Amino acid sequence: MAIRNIRMLGDAVLTKKCREVKEMTGKLQTLIDDMFETMYEQNGVGLAAPQVGVLKRIVVIDTGEEGEQVVLINPVIEQRDGEQRGYEGCLSLPGKSGIVTRPEHVVVRALNEDMEEFVLEASDLLARAICHECDHLEGIMYTSLVEGRLYDNSELQEQEEEEEEA
Ligand code: ZN
């Protein structure tokens with residue numbers, strides 16, 4: 001396994017639509033392993049293949065809540081219900097956050113690493129992560145969905161500390 005170079009906002013690769021995966025190969029399996037390692041190294045909860053420069057419809061997620069690694073290949077969000085409004089960040093724009101409204105609950109159909117179809121129901125943070133990562137596959141960064149402005153994470157930490165003190 002290896003840490004891959006994460007592409008930053010402004011890199012053209014992040015604006016491109018990704019291609020479907022037709023078959024699992026050793027190369028793609030290594031890519032998936034590397035994506036997890038790269039994501040964990042940066043303390044992220046999700047990473048999409050274009051963020052490491054590969055225009056394929058592959059997403060990895062680990063929200064740490066159920067200790068479960070999620071691999072989504074060719075994901076399609078089939079249902080969106082409810083609404084959640086909250087801060088979102090991205091490994092392609094480190095140190096920043098912005099408020100994005102996402103569905104509270106999603107149903108996603110995808111293939112696993114064995115190219116077997118499965119359906120995943122998700123809510124809260126996992127639903128948010130699925131939406132965020134699937135957007136990457138369409139070349140969409142969360143920054144185009146942010147309500148208001150982007151915040152520096154240090155700014156938000158100060159806010160939180162002030163609230164705790166108050
Ligand atoms: Zn992202």
# chains A, B, ... in the order shown; residues from 1 in each chain; ligands from 1
>>> residues_near_ligand(ligand="ligand 1", cutoff="9 Å", atoms="only C-alpha atoms and all ligand atoms", output="CSV table (one decimal) with all heavy atoms, in the first residue's frame")
chain,number,residue,atom,x,y,z
A,46,GLY,N,-13.9,10.2,3.9
A,46,GLY,CA,-14.2,9.7,2.6
A,46,GLY,C,-13.2,10.3,1.6
A,46,GLY,O,-12.5,11.3,1.8
A,47,LEU,N,-13.1,9.5,0.5
A,47,LEU,CA,-12.2,9.9,-0.6
A,47,LEU,C,-12.7,9.3,-1.9
A,47,LEU,O,-13.1,8.1,-1.9
A,47,LEU,CB,-10.8,9.4,-0.3
A,47,LEU,CG,-9.6,9.9,-1.1
A,47,LEU,CD1,-9.4,11.4,-0.8
A,47,LEU,CD2,-8.3,9.2,-0.9
A,48,ALA,N,-12.7,10.1,-2.9
A,48,ALA,CA,-13.1,9.6,-4.2
A,48,ALA,C,-11.9,9.5,-5.2
A,48,ALA,O,-10.9,10.3,-5.0
A,48,ALA,CB,-14.1,10.6,-4.8
A,51,GLN,N,-9.8,12.3,-6.6
A,51,GLN,CA,-9.0,13.1,-5.7
A,51,GLN,C,-7.6,12.6,-5.6
A,51,GLN,O,-6.7,13.3,-5.1
A,51,GLN,CB,-9.6,13.1,-4.2
A,51,GLN,CG,-10.9,13.8,-4.1
A,51,GLN,CD,-11.4,13.8,-2.7
A,51,GLN,OE1,-12.0,12.8,-2.3
A,51,GLN,NE2,-11.1,14.8,-1.9
A,88,GLU,N,-19.2,21.0,6.3
A,88,GLU,CA,-18.6,19.9,5.5
A,88,GLU,C,-17.2,20.4,5.1
A,88,GLU,O,-17.0,21.6,4.9
A,88,GLU,CB,-19.5,19.7,4.2
A,88,GLU,CG,-19.3,18.4,3.6
A,88,GLU,CD,-20.5,18.1,2.6
A,88,GLU,OE1,-21.7,18.0,3.1
A,88,GLU,OE2,-20.3,18.0,1.4
A,89,GLY,N,-16.3,19.4,4.9
A,89,GLY,CA,-14.9,19.8,4.5
A,89,GLY,C,-14.5,18.8,3.5
A,89,GLY,O,-15.2,17.8,3.1
A,90,CYS,N,-13.3,18.9,2.9
A,90,CYS,CA,-12.8,18.1,1.9
A,90,CYS,C,-11.3,18.0,1.9
A,90,CYS,O,-10.6,19.0,2.1
A,90,CYS,CB,-13.3,18.7,0.5
A,90,CYS,SG,-12.8,17.7,-0.9
A,91,LEU,N,-10.8,16.8,1.7
A,91,LEU,CA,-9.3,16.6,1.7
A,91,LEU,C,-8.6,17.4,0.5
A,91,LEU,O,-7.4,17.6,0.6
A,91,LEU,CB,-8.9,15.2,1.7
A,91,LEU,CG,-9.4,14.4,2.9
A,91,LEU,CD1,-8.9,12.9,2.8
A,91,LEU,CD2,-8.8,15.0,4.2
A,92,SER,N,-9.4,17.8,-0.5
A,92,SER,CA,-8.9,18.6,-1.6
A,92,SER,C,-8.9,20.1,-1.3
A,92,SER,O,-8.5,20.9,-2.2
A,92,SER,CB,-9.7,18.3,-2.9
A,92,SER,OG,-9.5,16.9,-3.3
A,93,LEU,N,-9.3,20.4,-0.1
A,93,LEU,CA,-9.3,21.8,0.4
A,93,LEU,C,-9.1,21.8,1.9
A,93,LEU,O,-10.0,22.1,2.6
A,93,LEU,CB,-10.6,22.5,0.0
A,93,LEU,CG,-10.7,24.0,0.3
A,93,LEU,CD1,-9.6,24.8,-0.5
A,93,LEU,CD2,-12.1,24.5,-0.1
A,129,ALA,N,-21.5,11.9,3.7
A,129,ALA,CA,-20.3,11.5,3.0
A,129,ALA,C,-20.6,10.8,1.7
A,129,ALA,O,-19.9,11.1,0.7
A,129,ALA,CB,-19.5,10.5,3.9
A,132,HIS,N,-21.4,13.7,-0.7
A,132,HIS,CA,-20.2,14.4,-1.0
A,132,HIS,C,-19.3,13.7,-2.0
A,132,HIS,O,-18.8,14.2,-3.0
A,132,HIS,CB,-19.5,14.7,0.3
A,132,HIS,CG,-18.2,15.5,0.2
A,132,HIS,ND1,-18.0,16.7,0.6
A,132,HIS,CD2,-17.0,15.1,-0.4
A,132,HIS,CE1,-16.7,17.1,0.3
A,132,HIS,NE2,-16.1,16.1,-0.2
A,133,GLU,N,-19.0,12.4,-1.7
A,133,GLU,CA,-18.1,11.6,-2.6
A,133,GLU,C,-18.7,11.3,-3.9
A,133,GLU,O,-18.0,11.3,-4.9
A,133,GLU,CB,-17.7,10.3,-1.9
A,133,GLU,CG,-17.0,10.5,-0.5
A,133,GLU,CD,-15.9,11.4,-0.5
A,133,GLU,OE1,-15.2,11.6,-1.5
A,133,GLU,OE2,-15.6,12.0,0.6
A,135,ASP,N,-20.7,13.3,-5.5
A,135,ASP,CA,-20.5,14.5,-6.3
A,135,ASP,C,-19.2,14.6,-6.9
A,135,ASP,O,-19.0,15.1,-8.1
A,135,ASP,CB,-20.7,15.7,-5.3
A,135,ASP,CG,-22.2,16.1,-5.1
A,135,ASP,OD1,-23.0,15.5,-5.8
A,135,ASP,OD2,-22.4,17.0,-4.2
A,136,HIS,N,-18.1,14.1,-6.2
A,136,HIS,CA,-16.8,14.2,-6.8
A,136,HIS,C,-16.7,13.4,-8.1
A,136,HIS,O,-16.0,13.8,-9.1
A,136,HIS,CB,-15.8,13.5,-5.9
A,136,HIS,CG,-15.2,14.4,-4.8
A,136,HIS,ND1,-14.5,15.6,-5.2
A,136,HIS,CD2,-15.2,14.4,-3.5
A,136,HIS,CE1,-14.1,16.2,-4.1
A,136,HIS,NE2,-14.5,15.5,-3.0
A,140,ILE,N,-18.0,17.6,-9.2
A,140,ILE,CA,-18.6,18.7,-8.3
A,140,ILE,C,-17.9,18.7,-7.0
A,140,ILE,O,-17.8,17.7,-6.3
A,140,ILE,CB,-20.1,18.4,-8.1
A,140,ILE,CG1,-20.8,18.5,-9.5
A,140,ILE,CG2,-20.7,19.5,-7.1
A,140,ILE,CD1,-22.2,17.9,-9.4
A,141,MET,N,-17.4,19.9,-6.6
A,141,MET,CA,-16.8,20.1,-5.3
A,141,MET,C,-17.9,20.7,-4.4
A,141,MET,O,-18.7,21.5,-4.9
A,141,MET,CB,-15.6,21.1,-5.4
A,141,MET,CG,-14.3,20.5,-5.8
A,141,MET,SD,-13.5,19.6,-4.5
A,141,MET,CE,-13.0,20.8,-3.3
A,142,TYR,N,-17.8,20.4,-3.1
A,142,TYR,CA,-18.8,20.9,-2.2
A,142,TYR,C,-18.8,22.4,-2.1
A,142,TYR,O,-19.8,23.0,-1.7
A,142,TYR,CB,-18.6,20.3,-0.8
A,142,TYR,CG,-17.6,21.0,0.1
A,142,TYR,CD1,-18.0,22.0,1.0
A,142,TYR,CD2,-16.2,20.8,-0.1
A,142,TYR,CE1,-17.1,22.7,1.8
A,142,TYR,CE2,-15.3,21.5,0.7
A,142,TYR,CZ,-15.7,22.4,1.7
A,142,TYR,OH,-14.8,23.1,2.4
>>> residues_around(residues="stretch 153-166 of chain A", least_positions_apart="5", cutoff="9 Å", atoms="only C-alpha atoms", output="PyMOL selection string")
chain A and resi 94-97
>>> select_by_dssp(residues="stretch 30-162 of chain A", states="helix (DSSP H, G or I)", output="VMD selection string")
chain A and resid 30 to 41 49 to 52 124 to 137 142 to 144 153 to 162
>>> closest_residue(among="A:Gly139, A:Gly26, A:Pro103, A:Gly44", to="A:Gly10", atoms="only C-alpha atoms")
A:Gly139
>>> select_by_dssp(residues="stretch 58-87 of chain A", states="strand (DSSP E or B)", output="MDAnalysis selection string")
chainID A and resid 58:61 70:81 84:87
>>> write_last_selection(atoms="N, CA and C atoms", output="short mmCIF file (atom, residue, chain, number, x, y, z; two decimals), in the first residue's frame")
data_model
loop_
_atom_site.label_atom_id
_atom_site.label_comp_id
_atom_site.auth_asym_id
_atom_site.auth_seq_id
_atom_site.Cartn_x
_atom_site.Cartn_y
_atom_site.Cartn_z
N ILE A 58 -15.12 5.31 -8.21
CA ILE A 58 -14.78 4.57 -6.99
C ILE A 58 -14.71 5.54 -5.82
N VAL A 59 -15.36 5.12 -4.71
CA VAL A 59 -15.41 5.93 -3.50
C VAL A 59 -15.07 5.05 -2.31
N VAL A 60 -14.31 5.57 -1.35
CA VAL A 60 -14.12 4.87 -0.08
C VAL A 60 -14.58 5.80 1.04
N ILE A 61 -15.21 5.20 2.05
CA ILE A 61 -15.74 5.97 3.18
C ILE A 61 -15.51 5.17 4.46
N VAL A 70 -16.47 1.34 3.85
CA VAL A 70 -17.42 1.25 2.75
C VAL A 70 -16.68 1.53 1.44
N VAL A 71 -16.81 0.60 0.50
CA VAL A 71 -16.29 0.81 -0.85
C VAL A 71 -17.50 0.86 -1.78
N LEU A 72 -17.62 1.93 -2.53
CA LEU A 72 -18.72 2.07 -3.49
C LEU A 72 -18.12 2.18 -4.88
N ILE A 73 -18.48 1.22 -5.73
CA ILE A 73 -18.03 1.25 -7.13
C ILE A 73 -19.27 1.50 -7.99
N ASN A 74 -19.16 2.44 -8.90
CA ASN A 74 -20.29 2.86 -9.76
C ASN A 74 -21.55 3.19 -8.95
N PRO A 75 -21.42 3.96 -7.88
CA PRO A 75 -22.59 4.20 -7.02
C PRO A 75 -23.67 5.05 -7.69
N VAL A 76 -24.92 4.70 -7.38
CA VAL A 76 -26.06 5.50 -7.84
C VAL A 76 -26.95 5.75 -6.63
N ILE A 77 -27.17 7.02 -6.31
CA ILE A 77 -28.07 7.34 -5.20
C ILE A 77 -29.50 7.26 -5.73
N GLU A 78 -30.25 6.30 -5.19
CA GLU A 78 -31.59 6.04 -5.73
C GLU A 78 -32.68 6.76 -4.95
N GLN A 79 -32.40 7.07 -3.69
CA GLN A 79 -33.40 7.75 -2.87
C GLN A 79 -32.73 8.78 -1.99
N ARG A 80 -33.38 9.92 -1.86
CA ARG A 80 -32.91 10.97 -0.95
C ARG A 80 -34.11 11.42 -0.13
N ASP A 81 -34.01 11.40 1.19
CA ASP A 81 -35.11 11.85 2.04
C ASP A 81 -34.60 12.78 3.13
N GLN A 84 -30.42 17.59 6.16
CA GLN A 84 -29.50 17.91 7.26
C GLN A 84 -28.64 19.07 6.79
N ARG A 85 -28.42 20.00 7.71
CA ARG A 85 -27.64 21.18 7.40
C ARG A 85 -26.44 21.18 8.35
N GLY A 86 -25.25 21.24 7.79
CA GLY A 86 -24.09 21.20 8.68
C GLY A 86 -22.80 21.48 7.94
N TYR A 87 -21.71 21.56 8.71
CA TYR A 87 -20.40 21.86 8.12
C TYR A 87 -19.86 20.65 7.38
#
>>> residues_around(residues="A:Cys18", least_positions_apart="3", cutoff="8 Å", atoms="only C-alpha atoms", output="PDB file with C-alpha atoms, in the first residue's frame")
ATOM      1  CA  PRO A  50     -10.510  11.614  -8.829  1.00  0.00           C
ATOM      2  CA  LEU A  55     -11.139   9.287 -13.212  1.00  0.00           C
ATOM      3  CA  LYS A  56     -13.003   6.153 -12.151  1.00  0.00           C
ATOM      4  CA  ARG A  57     -16.282   5.830 -10.255  1.00  0.00           C
ATOM      5  CA  LEU A 137     -17.510  11.483  -9.442  1.00  0.00           C
ATOM      6  CA  GLU A 138     -19.490  14.122 -11.344  1.00  0.00           C
ATOM      7  CA  GLY A 139     -16.713  16.680 -11.006  1.00  0.00           C
TER       8      GLY A 139
END
>>> atom_distance(atom1="atom CA of A:Tyr40", atom2="atom CA of A:Ala12")
24.2 Å
>>> closest_residue(among="A:Ile130, A:Thr15, A:Met39, A:Gln69", to="A:Thr143", atoms="only C-alpha atoms")
A:Thr15
>>> closest_residue(among="A:His105, A:Glu37, A:Gly98, A:Ala110", to="A:Glu147", atoms="only C-alpha atoms")
A:Gly98
>>> atom_distance(atom1="atom CA of A:Val108", atom2="atom CA of A:Asp124")
14.0 Å
>>> residues_around(residues="A:Met24", least_positions_apart="5", cutoff="9 Å", atoms="only C-alpha atoms", output="mmCIF file with C-alpha atoms, in the first residue's frame")
data_model
loop_
_atom_site.group_PDB
_atom_site.id
_atom_site.type_symbol
_atom_site.label_atom_id
_atom_site.label_comp_id
_atom_site.auth_asym_id
_atom_site.auth_seq_id
_atom_site.Cartn_x
_atom_site.Cartn_y
_atom_site.Cartn_z
ATOM 1 C CA GLN A 29 -7.656 -3.216 -5.895
ATOM 2 C CA GLU A 113 -14.813 -4.927 -4.535
ATOM 3 C CA ASP A 114 -15.983 -8.284 -5.927
ATOM 4 C CA MET A 115 -18.179 -6.378 -8.397
#
>>> atom_distance(atom1="atom CA of A:Phe118", atom2="atom CA of A:Glu83")
24.1 Å
>>> closest_residue(among="A:Ser144, A:Thr25, A:Asn5, A:Thr30", to="A:Gly53", atoms="only C-alpha atoms")
A:Asn5
>>> closest_residue(among="A:Ala122, A:Val52, A:Ala127, A:Cys134", to="A:Lys17", atoms="only C-alpha atoms")
A:Cys134
>>> decode(residues="stretch 21-38 of chain A", atoms="N, CA, C and O atoms", output="PDB file, in the first residue's frame")
ATOM      1  N   VAL A  21     -16.526   1.680 -13.719  1.00  0.00           N
ATOM      2  CA  VAL A  21     -15.592   0.566 -13.631  1.00  0.00           C
ATOM      3  C   VAL A  21     -16.255  -0.643 -14.268  1.00  0.00           C
ATOM      4  O   VAL A  21     -17.383  -0.999 -13.931  1.00  0.00           O
ATOM      5  N   LYS A  22     -15.563  -1.278 -15.218  1.00  0.00           N
ATOM      6  CA  LYS A  22     -16.145  -2.425 -15.937  1.00  0.00           C
ATOM      7  C   LYS A  22     -15.741  -3.745 -15.296  1.00  0.00           C
ATOM      8  O   LYS A  22     -16.498  -4.693 -15.270  1.00  0.00           O
ATOM      9  N   GLU A  23     -14.499  -3.818 -14.798  1.00  0.00           N
ATOM     10  CA  GLU A  23     -14.062  -5.045 -14.117  1.00  0.00           C
ATOM     11  C   GLU A  23     -13.024  -4.705 -13.051  1.00  0.00           C
ATOM     12  O   GLU A  23     -12.318  -3.705 -13.157  1.00  0.00           O
ATOM     13  N   MET A  24     -12.979  -5.536 -12.033  1.00  0.00           N
ATOM     14  CA  MET A  24     -11.997  -5.342 -10.967  1.00  0.00           C
ATOM     15  C   MET A  24     -10.660  -5.915 -11.440  1.00  0.00           C
ATOM     16  O   MET A  24     -10.610  -7.006 -11.999  1.00  0.00           O
ATOM     17  N   THR A  25      -9.623  -5.137 -11.234  1.00  0.00           N
ATOM     18  CA  THR A  25      -8.282  -5.590 -11.609  1.00  0.00           C
ATOM     19  C   THR A  25      -7.367  -5.432 -10.395  1.00  0.00           C
ATOM     20  O   THR A  25      -7.730  -4.754  -9.432  1.00  0.00           O
ATOM     21  N   GLY A  26      -6.212  -6.036 -10.465  1.00  0.00           N
ATOM     22  CA  GLY A  26      -5.235  -5.897  -9.392  1.00  0.00           C
ATOM     23  C   GLY A  26      -4.861  -4.445  -9.172  1.00  0.00           C
ATOM     24  O   GLY A  26      -4.683  -3.992  -8.040  1.00  0.00           O
ATOM     25  N   LYS A  27      -4.798  -3.722 -10.267  1.00  0.00           N
ATOM     26  CA  LYS A  27      -4.423  -2.309 -10.221  1.00  0.00           C
ATOM     27  C   LYS A  27      -5.483  -1.494  -9.452  1.00  0.00           C
ATOM     28  O   LYS A  27      -5.159  -0.633  -8.648  1.00  0.00           O
ATOM     29  N   LEU A  28      -6.766  -1.822  -9.736  1.00  0.00           N
ATOM     30  CA  LEU A  28      -7.854  -1.095  -9.060  1.00  0.00           C
ATOM     31  C   LEU A  28      -7.932  -1.488  -7.589  1.00  0.00           C
ATOM     32  O   LEU A  28      -8.250  -0.659  -6.734  1.00  0.00           O
ATOM     33  N   GLN A  29      -7.654  -2.770  -7.289  1.00  0.00           N
ATOM     34  CA  GLN A  29      -7.656  -3.216  -5.895  1.00  0.00           C
ATOM     35  C   GLN A  29      -6.584  -2.457  -5.109  1.00  0.00           C
ATOM     36  O   GLN A  29      -6.815  -2.010  -3.989  1.00  0.00           O
ATOM     37  N   THR A  30      -5.419  -2.301  -5.722  1.00  0.00           N
ATOM     38  CA  THR A  30      -4.346  -1.528  -5.091  1.00  0.00           C
ATOM     39  C   THR A  30      -4.770  -0.077  -4.914  1.00  0.00           C
ATOM     40  O   THR A  30      -4.520   0.543  -3.870  1.00  0.00           O
ATOM     41  N   LEU A  31      -5.448   0.464  -5.924  1.00  0.00           N
ATOM     42  CA  LEU A  31      -5.938   1.844  -5.836  1.00  0.00           C
ATOM     43  C   LEU A  31      -6.845   1.999  -4.613  1.00  0.00           C
ATOM     44  O   LEU A  31      -6.709   2.947  -3.834  1.00  0.00           O
ATOM     45  N   ILE A  32      -7.783   1.051  -4.438  1.00  0.00           N
ATOM     46  CA  ILE A  32      -8.734   1.121  -3.319  1.00  0.00           C
ATOM     47  C   ILE A  32      -7.988   1.062  -1.978  1.00  0.00           C
ATOM     48  O   ILE A  32      -8.242   1.848  -1.076  1.00  0.00           O
ATOM     49  N   ASP A  33      -7.044   0.128  -1.864  1.00  0.00           N
ATOM     50  CA  ASP A  33      -6.239   0.022  -0.629  1.00  0.00           C
ATOM     51  C   ASP A  33      -5.499   1.332  -0.360  1.00  0.00           C
ATOM     52  O   ASP A  33      -5.460   1.823   0.762  1.00  0.00           O
ATOM     53  N   ASP A  34      -4.915   1.879  -1.412  1.00  0.00           N
ATOM     54  CA  ASP A  34      -4.165   3.133  -1.276  1.00  0.00           C
ATOM     55  C   ASP A  34      -5.087   4.288  -0.887  1.00  0.00           C
ATOM     56  O   ASP A  34      -4.691   5.178  -0.126  1.00  0.00           O
ATOM     57  N   MET A  35      -6.311   4.275  -1.440  1.00  0.00           N
ATOM     58  CA  MET A  35      -7.261   5.347  -1.115  1.00  0.00           C
ATOM     59  C   MET A  35      -7.594   5.329   0.379  1.00  0.00           C
ATOM     60  O   MET A  35      -7.644   6.378   1.013  1.00  0.00           O
ATOM     61  N   PHE A  36      -7.817   4.130   0.940  1.00  0.00           N
ATOM     62  CA  PHE A  36      -8.082   4.042   2.383  1.00  0.00           C
ATOM     63  C   PHE A  36      -6.888   4.567   3.170  1.00  0.00           C
ATOM     64  O   PHE A  36      -7.037   5.367   4.092  1.00  0.00           O
ATOM     65  N   GLU A  37      -5.696   4.112   2.786  1.00  0.00           N
ATOM     66  CA  GLU A  37      -4.506   4.515   3.536  1.00  0.00           C
ATOM     67  C   GLU A  37      -4.312   6.034   3.479  1.00  0.00           C
ATOM     68  O   GLU A  37      -4.002   6.678   4.486  1.00  0.00           O
ATOM     69  N   THR A  38      -4.531   6.597   2.299  1.00  0.00           N
ATOM     70  CA  THR A  38      -4.371   8.036   2.105  1.00  0.00           C
ATOM     71  C   THR A  38      -5.406   8.804   2.922  1.00  0.00           C
ATOM     72  O   THR A  38      -5.095   9.812   3.565  1.00  0.00           O
TER      73      THR A  38
END
